[in-house]
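K.L.:
Submitted below is the structure of interest, expressed as structure tokens.
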Amino acid sequence: MRIVLVAACALVDVDGRVLIAKRPEGKPMAGLWEFPGGKVEPDERPEDALIRELKEELAIDVTASCLAPLTFASHAYEDFHLLMPLYVCRRWSGEVAACEGQALSWVRPVRLRDFPMPPADLPLIPHLIDML
Ligand SMILES: Nc1nc2c([nH]c(=O)n2[C@H]2C[C@H](O)[C@@H](COP(=O)(O)OP(=O)(O)OP(=O)(O)O)O2)c(=O)[nH]1
């Protein structure tokens with residue numbers, strides 16, 4: 001089984017809400033809500049991939065020292081195995097913007113289950129609830 005490494009981030013605002021983004025039409029799992037992030041390129045550090053994706057998707061600047069590892073997802077999809085470290089970030093510069101036209105929502109961790117998310121993400125929710 002091919003292992004796909006995806007770096008993802010729970011951006012946390014001053015009220016303890018977490019940012020989730022809706023996957024756009026045309027992508028696999030369109031319409032599900034996910035943590036911002038994306039695939040780690042060959043020879044790229046996960047933190048650098050996340051910094052790149054957060055800039056591309058949300059127009060914010062993050063430094064590696066502000067990315068705290070929280071937990072990870074390890075999930076067998078039909079055609080690949082997802083390995084997804086989840087970082088927490090409370091400090092960034094710039095205003096969060098939906099650069100790719102994606103819907104964004106700031107959500108209290110206890111409410112994350114109200115949003116349909118990819119199956120890999122569901123075991124991550126209790127970790128966010130515990131932390132926040
Ligand atoms: N970013 C992100 N991806 C997730 C989450 N949960 C989950 O199963 N995934 C899966 C969906 C995709 O199969 C993969 C991420 O790929 P992607 O399509 O967002 O990444 P990308 O922008 O680098 O991909 P691409 O369109 O360039 O091929 O991880 C999540 O919470 N956040």
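If you're wondering about the labels, chains in the structure tokens are A, B, ... by order shown, residues count from 1 in each chain, ligands from 1 in order shown.
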Which of chain A counts as strand (DSSP E) under DSSP, as a PyMOL selection string please?
P.N.:
chain A and resi 3-11+18-22+33-34+37-39+68-76+81-89+104-107
K.L.:
Just want the residues within 6 Å of ligand 1, written as a PyMOL selection string, counting only C-alpha atoms and all ligand atoms.
P.N.:
chain A and resi 6+8+34-39+118+120-121
K.L.:
How would the residues just chosen look if you wrote them out with N, CA and C atoms as a tab-separated table (two decimals), in the first residue's frame?
P.N.:
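This went into result35.tsv:
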chain	number	residue	atom	x	y	z
A	6	VAL	N	0.82	13.60	4.57
A	6	VAL	CA	0.11	14.89	4.48
A	6	VAL	C	0.33	15.61	5.80
A	8	ALA	N	-0.91	18.52	8.35
A	8	ALA	CA	-2.13	19.28	8.60
A	8	ALA	C	-1.98	20.08	9.88
A	34	GLU	N	-11.95	19.75	6.52
A	34	GLU	CA	-10.64	19.22	6.86
A	34	GLU	C	-9.80	20.28	7.54
A	35	PHE	N	-8.70	19.84	8.11
A	35	PHE	CA	-7.71	20.77	8.64
A	35	PHE	C	-6.84	21.24	7.49
A	36	PRO	N	-6.51	22.53	7.45
A	36	PRO	CA	-5.66	23.02	6.37
A	36	PRO	C	-4.34	22.25	6.31
A	37	GLY	N	-3.83	22.12	5.12
A	37	GLY	CA	-2.57	21.41	4.93
A	37	GLY	C	-2.54	20.76	3.57
A	38	GLY	N	-1.62	19.85	3.39
A	38	GLY	CA	-1.54	19.17	2.09
A	38	GLY	C	-0.37	18.21	2.04
A	39	LYS	N	-0.18	17.65	0.87
A	39	LYS	CA	0.83	16.60	0.70
A	39	LYS	C	2.23	17.16	0.89
A	118	PRO	N	-13.31	13.86	6.76
A	118	PRO	CA	-12.81	12.58	6.25
A	118	PRO	C	-12.66	11.58	7.41
A	120	ALA	N	-10.37	9.70	8.33
A	120	ALA	CA	-9.07	9.75	9.00
A	120	ALA	C	-9.04	10.79	10.11
A	121	ASP	N	-9.90	11.81	9.99
A	121	ASP	CA	-9.84	12.93	10.94
A	121	ASP	C	-10.60	12.66	12.24
K.L.:
Within 9 Å of Leu128 in chain A, counting only C-alpha atoms, which residues qualify if same-chain residues fewer than 5 places away don't, as a CSV table (one decimal) with N, CA and C atoms, in the first residue's frame?
P.N.:
chain,number,residue,atom,x,y,z
A,10,ALA,N,-4.1,22.4,13.0
A,10,ALA,CA,-5.2,23.0,13.7
A,10,ALA,C,-4.8,24.5,14.1
A,18,VAL,N,-11.0,26.3,16.3
A,18,VAL,CA,-10.1,25.7,15.4
A,18,VAL,C,-10.6,26.0,14.0
A,70,LEU,N,0.8,17.7,17.7
A,70,LEU,CA,-0.2,17.3,18.7
A,70,LEU,C,-0.5,15.8,18.6
A,109,PRO,N,-13.8,22.9,19.4
A,109,PRO,CA,-13.5,21.5,19.2
A,109,PRO,C,-14.7,20.6,19.5
A,110,VAL,N,-15.5,20.9,20.6
A,110,VAL,CA,-16.7,20.0,20.9
A,110,VAL,C,-17.7,20.0,19.8
K.L.:
Name all residues at most 8 Å from range 42-49 of chain A (count only C-alpha atoms; drop same-chain ones fewer than 6 positions away) and give them as a list in words.
P.N.:
Val6, Ala7, Ala64 and Leu67 of chain A
K.L.:
Based on the backbone DSSP call, show me all residues of range 42-111 of chain A assigned alpha helix (DSSP H), as a PyMOL selection string.
P.N.:
chain A and resi 46-58
K.L.:
Could the residues in this selection be saved with C-alpha atoms as an mmCIF file, in the first residue's frame?
P.N.:
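Saved result, part_6.cif, follows:
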data_model
loop_
_atom_site.group_PDB
_atom_site.id
_atom_site.type_symbol
_atom_site.label_atom_id
_atom_site.label_comp_id
_atom_site.auth_asym_id
_atom_site.auth_seq_id
_atom_site.Cartn_x
_atom_site.Cartn_y
_atom_site.Cartn_z
ATOM 1 C CA PRO A 46 6.537 18.297 6.957
ATOM 2 C CA GLU A 47 6.833 21.678 8.686
ATOM 3 C CA ASP A 48 7.961 23.325 5.442
ATOM 4 C CA ALA A 49 5.092 21.698 3.554
ATOM 5 C CA LEU A 50 2.674 23.102 6.091
ATOM 6 C CA ILE A 51 4.198 26.571 5.966
ATOM 7 C CA ARG A 52 3.885 26.446 2.150
ATOM 8 C CA GLU A 53 0.297 25.178 2.181
ATOM 9 C CA LEU A 54 -0.855 27.682 4.814
ATOM 10 C CA LYS A 55 0.514 30.470 2.657
ATOM 11 C CA GLU A 56 -1.081 29.098 -0.540
ATOM 12 C CA GLU A 57 -4.469 28.254 0.970
ATOM 13 C CA LEU A 58 -4.907 30.898 3.667
#
K.L.:
I want to know what sits within 12 Å of Arg108 in chain A, based on only C-alpha atoms, with residues of the same chain fewer than 5 positions away left out; could you give that as JSON, numbers by chain?
P.N.:
{"A": [10, 11, 12, 13, 14, 15, 16, 17, 18, 19, 20, 113, 114, 115, 125, 126, 128, 129, 130, 131, 132]}
K.L.:
Rounded to one decimal place, report the CA of Ala103 in chain A-CA of Met29 in chain A distance in Å.
P.N.:
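It comes out at 14.4 Å.
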K.L.:
What does the structure give for the distance between CA of Lys22 in chain A and CA of Gly101 in chain A, in Å to one decimal?
P.N.:
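These two atoms are separated by 9.6 Å.
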